[in-house]
Structures are given as C-alpha cells and as structure tokens.
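S.K.: Input: one structure, supplied below.
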Amino acid sequence: MERKVRVRFAPSPTGPLHIGGVRTALYNYLFARQQGGDMILRIEDTDSQRFVPGAEDYINEALAWLGIKIDEGVREGGKYGPYKQSERRDIYREHVKMLLDAGKAYIAFDTPEELEAARAAKANFQYDASTRGEMRNSLTMPKEEVDRLIADGHKYVVRFKIDSGRDVEVNDLIRGKVTINSSILDDKVLYKSADDLPTYHLANIVDDHLMEVSHVIRGEEWLPSAPLHVLLYEAFGWKDSMPEFVHLPLLLKPDGKGKLSKRDGDRLGFPVFPLEWHDPKSGEISSGYREKGYLPHAVVNFLALLGWNPGDDTEIMSMDELISKFSFAHCSRSGAKFDFEKGKWFNHKYLQEMPDNELTVLYKPVLEANGVDPNAFDDDYIARVISLVKGRINFVSDLWDQSKYFFTEPESYDEKAVKKRWSAEMPAIMKELIEVLKGIDDFSSAATEAIVLGWIADKGYHLGNVMNAFRLTVVGECKGPHMFDITELLGLDETVRRIERGIERIKLPE
RNA sequence: GGCGAUUUAGUGUAGUGGCCUAGCACGCCGCCCUCUCACGGCGGAAACUCGGGUUCGAGUCCCGGAUUCGCUACCA
C-alpha cells in the first residue's frame with residue numbers, strides 16, 4: 001500500500017505521437033507529480049514490422065515541448081533500464097522460459113495460413129482451451145518432434161495457456177470492478193521466434209513488474225485485455241505486487257463516430273498531433289499544434305479537461321494547479337468528442353495573458369513570412385501594436401490579419417466599406433482633415449481625438465461617415481481598434497500620406 | 001456476431017436521493033458599449049436515452065431495452 005508511485009507512458013514508435021497519447025502521458029505525469037512519484041518513458045518497439053524511424057525522437061520532442069518531464073527513460077537513464085523493449089530480449093526470453101517450464105505456456109507451430117484456414121472453417125474460431133488440442137503445438141505433439149522442429153529452424157510462437165471458465169476480476173480506479181470470463185480470452189501469443197521478440201502483453205507485464213510500476217494508466221482500448229494481464233501476473237506469481245489499473249476514456253472524432261484518428265485532422269482542418277510530422281516514407285506532412293501557433297500550456301490545459309475536471313468551475317489552470325487538483329475520481333468514464341473550438345479558446349486565453357514583449361518575439365517570424373522586415377520596426381512599436389489588437393486573436397498568426405496596416409499601407413480598399421462610407425464630398429472633407437491633423441502639436445490619441453471630433457462637430461459633419469472614411473484611407477477597411485490609437489502609432493506623416501493616397505485611389509462607388 | 005465499457009443542451013462537463021424550476025464553459029443568437037470590426041458586460045435558445053421498479057421523494061439507487069465506443073491479430 002505504501003509503495004512508491006511509479007507510472008509509465010509506453011508508446012510504440014510506429015508514427016507520430018497522437019494527441020490522445022499525449023493526454024495519456026499528461027495524466028500519467030500529473031498523477032506522478034502529485035504523488036511525488038516517478039514518470040517512466042518506455043519505448044515499446046516489439047513490432048519490428050511497424051517501426052518508423054524518427055518516431056522516438058518525435059515522442060521525446062513532443063513531451064518536452066508540452067512540459068511533460070520524464071524521470072526515467074532511454075534518454076534520462078535510470079536503474080530499471082534498458083527502457084527500450086527491443087533491448088530487453090534476454091529478459092523476455094528468460095521469462096517466457098519460466099512460463100514454459102511451469103506449464104503455463106506452450107509452443108505453437110501453426111503458420112499464419114493454417115490459422116487463417118482454421119478461422120475460415122469455423123465461424124468463431126478462437127485459439128483456446130477448446131481448440132488448442134487440434135492445433136500443431138507442444139501440447140499435441142511429442143516432445144521429440146517439437147525439439148526437432150525448433151532445431152530445424154521452424155518458426156514458432158509461445159502461447160499463454162488460459163484455463164477456461166474462470167471469472168477474472170480487474171479493479172479499475174475509475175470504473176470499479178470489471179469481470180470477464182476467461183473463456184472468451186484466447187491463448188494469446190506471448191513471443192514470436194521469428195523476430196525473437198515478445199508481444200505487447202508479455203513485455204508489458206514483465207516490464208511493469210521489473211520496473212516496479214505502481215499504476216498502469218492507459219487508454220480504454222486496453223480494458224478488454226486487462227483480465228489477460230491479471231492472469232499473466234498470476235502465472236508469474238506476481239499477483240501481490242500487481243499495479244493498479246486505470247483505463248482512460250478515449251478521445252473521439254468531433255463529428256462522426258469512432259476514435260480520433262490521423263485522418264480526422266486533415267479532414268476537419270485541425271491538428272491531431274502535437275508537432276508537425278513529416279512521414280519519412282510517404283513524405284506526407286501532418287500538421288501539429290506547435291506549428292499551428294498553439295502555446296504548449298494551452299494544449300496541456302485543454303487536454304487535461306477532456307475527460308477530467310477539477311470538481312469545480314475552474315478552467316484555466318497552470319501545470320502546477322493541474323498537478324495538485326488531478327484525481328481519478330473526477331475522470332469521466334465515457335469517451336470525449338474532441339472539441340477543436342474550445343481548444344482555440346484556450347489558446348486565446350493564454351495569448352491574452354502573455355506579455356506583449358514575448359508576443360513580439362513570436363510575431364516577428366510571422367511578419368517576415370508576410371514580406372515585412374521586422375527589423376525595420378522597433379520592438380516597442382511592434383509590442384504596442386500587439387497590445388492594441390491581441391484581444392481579437394486566437395493564434396499568433398492571426399496578428400497579421402489584425403495588424404498588417406501598422407506595417408504596410410493598404411493595397412486596396414474594402415469594397416463594401418467604400419460603398420457605404422465614401423461619397424462625392426469625401427475627398428474634400430479628407431483634405432480638410434489633413435489640414436486639421438497638420439495643425440496638431442500633440443499627436444497623442446486623446447489630444448488628436450479631441451481636436452478631430454471638435455472639428456467634425458463644428459462643421460456639422462456626420463461623425464460615422466467621416467470617421468469611417470478616415471479609417472478606410474488608413475486601414476483599408478472598416479475594422480480595427482480605436483482610430484486615434486492607430487494614428488498615434490502611425491504618426492502624423494504616415495497618417496497624412498495614407499489619407500492622400502486614399503483620396504487618389506478610392507473610386508466613388510457605382 | 002461475442003465480450004466489455006458507456007449514456008446530462010451541438011460540444012466538454014458539474015451533479016454521489018430532497019439545496020435541480022439541472023450549474024459552468026465553448027459555440028450560437030440578441031442587447032449594451034462604440035467612428036468600424038473585435039474585446040468586454042448583460043441576456044437568451046438549448047440537456048437528465050427509453051421503459052419498468054425501489055422510495056414520502058430519483059438526473060442521482062435497482063432491473064430490462066436502446067445508444068455510442070472499444071476489443072475480438074504472430075499491432076500496440
């Protein structure tokens with residue numbers, strides 16, 4: 001009971017780390033930190049067929065970006081290594097032998113073709129207690145033949161011998177007791193001689209035991225095989241030190257049905273990966289939250305709340321707050337549809353809290369990408385621009401659309417606005433405005449506003465029409481912050497230049 | 001098909017038998033603010049899967065149906 005909390009995140013390097021996997025990692029991390037425990041990163045590369053180069057680096061980089069710190073792992077080291085399953089072959093071989101010697105497992109020679117034939121012949125074929133007596137394995141064949149086959153280099157697998165008709169209980173920390181009858185379990189393959197590697201199930205149990213994992217926190221897709229895992233702990237005689245199980249609800253597609261998948265991102269236009277991923281084989285690029293302009297904290301906060309809540313209405317929480325408030329009792333049991341809009345809102349919130357000088361750093365590459373040399377402007381100028389428009393952005397990249405007129409004069413004028421606000425007398429009024437502006441000593445927002453508004457009132461002009469025409473010449477469209485905040489930043493010369501240019505270029509509607 | 005899990009507004013969720021004429025947030029709509037677009041403030045529409053029970057009383061407990069999801073590989 002008092003044992004140290006040790007959790008593990010155990011992804012397979014078969015591609016980029018999926019956002020659902022990120023959430024699993026996050027919950028592991030939150031729990032470990034809260035309990036003063038250890039967070040292990042184990043690479044489960046027991047499927048040599050599906051190995052993808054670069055995937056492991058991707059996992060490390062993604063977790064680092066999100067602030068999920070690993071205590072033990074391939075890079076971090078630790079006393080329980082190696083942390084990559086392909087480097088633990090000896091350990092697995094030894095444990096497979098233990099099971100074989102104890103009669104809890106057996107060797108099977110059935111080829112994939114033979115298994116396929118068996119499945120085709122029998123509607124619900126399952127390699128289990130009811131059928132293993134008819135298959136080619138060490139239970140049906142004389143020992144000499146088994147030895148000869150192995151000596152001749154025939155490929156075989158080791159299967160777990162599961163007794164039928166037993167109710168196996170799994171205690172899940174968020175779902176309670178789950179019972180499954182062992183008859184529905186098949187004799188799972190534990191080890192493949194072809195590549196001298198165990199399958200997930202065996203490696204998982206052996207590693208969790210040897211690494212003294214206290215809590216197995218993983219996705220719900222593992223719930224059906226949890227009883228098998230319990231049986232394996234029993235077979236090894238490790239039942240007493242078996243970890244606690246926690247099966248997290250899945251992240252579902254926002255629209256239709258099923259688990260959130262790689263394709264959904266492309267289809268619905270939002271990332272399902274933390275970082276952009278370049279597929280080494282197909283060359284295909286999948287978008288990532290980082291590259292889309294998400295702040296790592298926003299992603300973490302958003303993900304934390306997909307399947308868990310703090311028990312009150314708090315939504316914006318720092319990593320430390322998440323750590324202190326996290327609990328399995330407040331995890332939901334059903335899958336959560338991925339709500340991309342809410343994700344944007346979190347990013348918006350975090351962007352608002354970010355100091356302008358930090359946003360300035362992030363904005364410069366965006367400016368550059370839009371053909372503006374950021375070095376042509378003071379950092380202070382950029383920061384002031386940002387402070388004026390940041391309330392309306394969800395991403396750093398939105399800053400461009402909201403503030404480009406601070407960096408480059410309008411190239412065109414919004415048609416609808418022209419139609420509504422530009423009229424025959426406007427050029428003359430704008431010329432008057434230029435003179436008014438030129439007569440102002442203090443071009444600050446408040447002073448300019450007082451003078452210009454006074455002039456409009458004296459002349460009896462229509463405030464909305466004049467101001468919007470003014471805005472049209474300076475901004476190019478009728479949007480943006482307070483007009484005189486814009487002109488203060490732009491300065492008298494630039495403001496006048498733009499009005500002149502507007503007078504020249506804006507054509508009367510019709 | 002079998003097995004398991006699951007079920008509160010469009011979405012994420014609060015709710016642990018009376019405090020629920022069901023709260024919060026995203027999204028949506030409206031109003032206010034206002035030179036514009038946003039932001040912000042205020043307000044609105046919108047939900048307990050169905051049927052039986054138990055109980056003085058059920059969103060909350062029990063049974064059954066339905067739903068959705070997952071698993072059912074020599075993948076994890």
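How things are named: the first chain in the structure tokens is A, the next is B, and so on; residues count from 1 in each chain; ligands count from 1 in the order shown.
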Using only C-alpha atoms (C1' of nucleotides), select each residue of chain B with any atom at most 12 Å away from an atom of chain A, and give the selection as an NGL selection string.
M.R.: :B and (1-7 or 10-16 or 23-27 or 34-40 or 68-76)
S.K.: Pick out each residue of segment 60-159 of chain A that DSSP on the backbone tags as helix (DSSP H, G or I); I need them as an MDAnalysis selection string.
M.R.: chainID A and resid 60:66 85:87 89:101 112:121 132:134 143:151
S.K.: Extract, using only C-alpha atoms (C1' of nucleotides), all DNA, RNA and protein residues at most 6 Å from segment 24-41 of chain A, discarding same-chain residues fewer than 2 positions from it, and format them as a list in words.
M.R.: Val5, Arg6, Val7, Arg8, Phe9, Ala10, Gly21, Val22, Ile70, Asp71, Glu72, Gly73, Ile323 and Ser324 of chain A
S.K.: Between A:Pro82, A:Gly20, A:Gly476, A:Gly491, which is the closest to Leu248 of chain A once you count only C-alpha atoms?
M.R.: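 Smallest distance to Leu248 of chain A is found for A:Gly20.
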